[in-house]
Amino acid sequence: MSATTEQSLDRAAAAGPMRRAKLPEPTSVLDRMGKGNLLYVIPGLLIYAAFVFFPIVAAVAISLTEWNGLVVPSFVGLQNYIKLFSDHEFYVALRNNAEFIVFYCVFPLAIGVALAAIISTVGNRERMALRTLFFLPYIMPTAVLGIIFQWLYNPAFGPFNQILKAVGLGKIALPWLGDFTWVLPAVGAVAVWYFFGFCMVVFLSGMQRIDPSLFDAARVDGAKGLQSFWHVTLPQLMPEIRVVLLLTVIASIKSFDLIFTMTRGGPGNATLVPNIYMYELGFQLNRFGYAAAVAIIGAILVFVVNLAIHQGIRRFDRSSN
Amino acid sequence: MLDVLIHHLRLGAAGMATAALAVGLSGAAQAQTLVTWDDYTDVGQNAVIEQLNKAFVAAHPGVTINRTARTFDDLSMTLKLTVAAGNGPQVTKVNQGAADQGTMVKQKLLLPIDDYVKQYGWDKRFGEGVLARMQWSDSGQFGEGKYYGVSGLGEMVGLYYNQKVLSDAGIAAPPKTFEELLADADALKAKGVPAFAIGTAKQHIALHMLTGMEQAHIDASSRKALDDVIYGRGGTFKTQAALDAATLMQKWAKDGYFIDGYSGIAGNDAVQLFVSGQGAFLLDGTWYFGDMQTNPDIHFMAVPAPAGVSKPLTVGGIDLSWSITSNAKDKATQDLAAQYMDYMVSPEAANVWAAAGFFPSSTPTDESAVKSSLLKEGLAMWKTITDNNALGHYADWASPTMLKTYDDNMPHLLAGDMTPQAFVDALDADYQAYMKSIGK
């Protein structure tokens with residue numbers, strides 16, 4: 001793209017409705033009541049404290065103990081965390097989770113953006129139909145999806161392998177959920193199928209927000225379809241990309257139901273993720289203190305990864321402005 | 001029409017049998033509610049336990065049973081925590097071994113039942129080798145000390161074979177020795193017939209197959225080493241029998257002796273495939289009798305022993321035990337709980353279980369109730385095993401984490417990316433770590 005085009009885009013962006021207006025001072029009756037408002041917040045705060053804040057504090061406290069769930073926990077300080085960082089299975093779970101992030105975030109995001117760009121060019125009625133069609137997987141509970149896909153992948157009864165065998169591709173009709181190489185991509189593919197429609201809908205909404213004059217300016221400057229997408233659509237979609245990344249990263253780090261229903265972390269530990277490891281430690285092996293430590297590290301991971309995404313996108317915003 | 005008539009006659013007969021059982025039960029009870037938990041969630045088992053509960057209530061006027069049924073996993077997950085919180089059952093099913101029963105005994109969540117064992121003669125009704133699976137000493141030693149439960153259903157891991165598949169492959173009779181089993185497997189493989197139906201994605205067929213072959217190499221006369229390992233007295237998983245079984249399993253998996261795609265197939269699905277005619281053999285337990293009996297070509301026998309082993313061990317034991325929890329606070333409730341347990345493990349209850357095709361731990365008094373040929377084969381086998389003191393053990397009872405260790409390593413063994421020696425070493429490492437944790 002030429003320098004002229006970029007300057008035009010900058011001017012258009014500066015002049016357009018993208019600039020935020022200053023918010024008016026609070027003037028409602030409730031706002032004028034000042035601290036008295038706290039009274040109205042207390043019920044919500046109490047519920048939050050009982051069901052969110054207290055469990056978090058309790059989990060932190062339990063993670064500092066050795067506890068089988070039956071007797072009084074014994075305080076062990078940071079022993080659980082020290083053990084965790086030398087626990088091979090925990091690293092396996094983290095590595096698997098990192099690989100799952102590709103399937104939960106990167107692929108759905110890429111497919112979602114591409115599909116949104118294509119679908120935004122078709123007529124309203126077709127767009128509505130396609131948007132509904134692609135969004136459908138997202139309305140299903142992932143546990144149900146896991147059970148359905150477990151059957152679809154079944155080497156003996158499942159239609160995937162039946163079709164492969166019927167078209168002469170029997171050699172690649174693998175036991176997908178029992179194969180160490182393919183099990184993680186096989187489960188990941190379901191996550192891609194689940195999330196890409198959601199990503200696409202978010203991006204379609206974002207595209208409707210983009211000022212058309214930006215595309216006009218790009219066209220005047222000679223930008224073709226792909227160039228417009230790359231230099232106009234994608235940068236303008238950064239707020240949506242940030243939201244999608246945050247949500248899908250959180251979903252991938254807290255992934256449990258889809259993997260549990262499909263493989264229970266197996267074969268071996270090929271699809272073990274921290275949440276399944278936490279479940280095994282707590283509810284199968286009665287090591288609640290150690291399991292709580294896994295949960296706390298998982299929560300910290302969510303914060304750290306999301307902070308990194310925030311920072312990365314903010315840096316990108318600054319550099320592109 | 002005839003079917004409907006027969007169905008009604010059967011229902012009538014079942015009703016009369018239930019009424020007869022109710023009349024036969026003795027013991028007056030006060031007006032009270034007995035809270036019970038069990039794991040009979042399977043449709044067939046649920047029908048039997050409901051029938052037995054009704055008979056018990058009918059014989060104990062004023063008694064109400066408040067029953068909760070949970071799957072094995074759910075029961076294991078919630079029982080300890082619920083009883084520890086002072087809620088839940090007064091009499092419950094509980095899995096034997098260190099993870100559940102051992103933990104609950106240690107925390108005094110289960111009550112010793114030695115007085116009731118004598119009162120009801122459970123020690124005479126069941127062999128000592130059976131009751132030992134529910135004994136715990138005050139120091140936490142498994143297999144000795146006080147009794148903490150009794151069980152109404154027996155279990156054995158054996159060899160299912162499909163005679164039609166064998167005959168079609170030119171094999172006239174099932175193997176009599178372990179060497180013949182190996183030869184049959186080779187012959188089937190040579191003819192392109194999968195020798196074994198197995199599925200490793202879920203359930204534990206591979207574990208039962210491996211330990212079934214391993215323990216068939218142990219003669220009852222030299223079972224002490226295995227007993228010591230399972231009862232937590234010490235020992236090792238690094239035995240030649242274990243290594244040989246692991247080597248054989250890996251070879252069979254690698255060389256195509258198993259049904260196609262076995263690693264992506266759940267154990268229950270493998271059973272259905274076997275019933276439908278895939279595979280000549282399947283090594284697993286009597287709990288699949290209900291599924292297997294739909295194919296009359298399928299039979300059940302002990303895993304054949306190698307030459308030189310006359311009384312081979314058979315992996316197995318008993319169903320989860322009935323135990324009295326610390327929630328049964330007063331003597332009256334404990335007595336009522338014991339009466340309930342006695343009825344659940346009585347020969348009368350065994351008749352009802354056997355009539356429904358399930359495998360009772362005590363011999364049914366009504367032989368006409370046993371209609372399934374598989375059950376007849378199983379009962380004959382059970383008698384031989386108890387006579388020979390040859391009931392082996394579930395290896396995963398050896399430590400609280402052993403089942404997970406098997407589950408984690410078995411797929412690697414079968415996929416060939418773990419040597420049989422490394423597999424056995426991993427099992428032993430788990431066991432020795434547990435021994436160390438309990439000060440042995």
# chains A, B, ... in the order shown; residues from 1 in each chain; ligands from 1

$ interface_residues --of "chain A" --to "chain B" --cutoff "10 Å" --atoms "only C-alpha atoms" --output "ChimeraX atom specification"
/A:68-71,150-151,153-157,173-180,183,262-270,280-286

$ write_last_selection --atoms "C-alpha atoms" --output "PDB file, in the first residue's frame"
ATOM      1  CA  ASN A  68      -7.519 -35.906  52.137  1.00  0.00           C
ATOM      2  CA  GLY A  69     -10.915 -34.255  52.532  1.00  0.00           C
ATOM      3  CA  LEU A  70     -11.738 -36.179  55.697  1.00  0.00           C
ATOM      4  CA  VAL A  71      -9.479 -35.045  58.502  1.00  0.00           C
ATOM      5  CA  GLN A 150     -16.483 -39.797  20.729  1.00  0.00           C
ATOM      6  CA  TRP A 151     -19.022 -41.867  18.851  1.00  0.00           C
ATOM      7  CA  TYR A 153     -14.521 -41.090  16.016  1.00  0.00           C
ATOM      8  CA  ASN A 154     -15.205 -44.677  17.161  1.00  0.00           C
ATOM      9  CA  PRO A 155     -13.073 -46.974  14.975  1.00  0.00           C
ATOM     10  CA  ALA A 156     -15.663 -49.756  15.015  1.00  0.00           C
ATOM     11  CA  PHE A 157     -19.011 -47.991  14.860  1.00  0.00           C
ATOM     12  CA  ALA A 173      -8.977 -44.944   9.322  1.00  0.00           C
ATOM     13  CA  LEU A 174      -7.129 -44.691  12.620  1.00  0.00           C
ATOM     14  CA  PRO A 175      -8.322 -45.229  16.187  1.00  0.00           C
ATOM     15  CA  TRP A 176      -8.314 -41.436  16.535  1.00  0.00           C
ATOM     16  CA  LEU A 177      -8.912 -41.188  20.273  1.00  0.00           C
ATOM     17  CA  GLY A 178      -6.523 -44.039  21.054  1.00  0.00           C
ATOM     18  CA  ASP A 179      -3.605 -42.903  18.933  1.00  0.00           C
ATOM     19  CA  PHE A 180      -0.895 -40.981  20.759  1.00  0.00           C
ATOM     20  CA  VAL A 183      -5.652 -37.855  19.783  1.00  0.00           C
ATOM     21  CA  MET A 262     -13.819 -37.747  24.952  1.00  0.00           C
ATOM     22  CA  THR A 263     -10.626 -39.155  26.458  1.00  0.00           C
ATOM     23  CA  ARG A 264     -10.462 -38.514  30.231  1.00  0.00           C
ATOM     24  CA  GLY A 265      -6.963 -37.231  29.559  1.00  0.00           C
ATOM     25  CA  GLY A 266      -5.784 -40.402  27.813  1.00  0.00           C
ATOM     26  CA  PRO A 267      -4.457 -42.473  26.235  1.00  0.00           C
ATOM     27  CA  GLY A 268      -1.718 -42.443  28.843  1.00  0.00           C
ATOM     28  CA  ASN A 269      -1.587 -38.717  29.536  1.00  0.00           C
ATOM     29  CA  ALA A 270      -1.712 -37.641  25.892  1.00  0.00           C
ATOM     30  CA  GLU A 280      -7.844 -36.815  39.300  1.00  0.00           C
ATOM     31  CA  LEU A 281      -5.760 -35.578  42.216  1.00  0.00           C
ATOM     32  CA  GLY A 282      -8.723 -34.303  44.182  1.00  0.00           C
ATOM     33  CA  PHE A 283     -11.588 -36.636  43.518  1.00  0.00           C
ATOM     34  CA  GLN A 284      -9.810 -39.869  42.615  1.00  0.00           C
ATOM     35  CA  LEU A 285      -6.691 -39.718  44.770  1.00  0.00           C
ATOM     36  CA  ASN A 286      -8.027 -37.580  47.643  1.00  0.00           C
TER      37      ASN A 286
END

$ select_by_dssp --residues "segment 153-371 of chain B" --states "strand (DSSP E)" --output "PyMOL selection string"
chain B and resi 154-162+281-285+298-301+316-318+321-324

$ atom_distance --atom1 "atom CA of Asp396 of chain B" --atom2 "atom CA of Thr41 of chain B"
22.9 Å

$ select_by_dssp --residues "segment 8-172 of chain A" --states "helix (DSSP H, G or I)" --output "ChimeraX atom specification"
/A:8-15,29-32,34-63,79-84,88-119,124-139,142-153,159-166,170-172
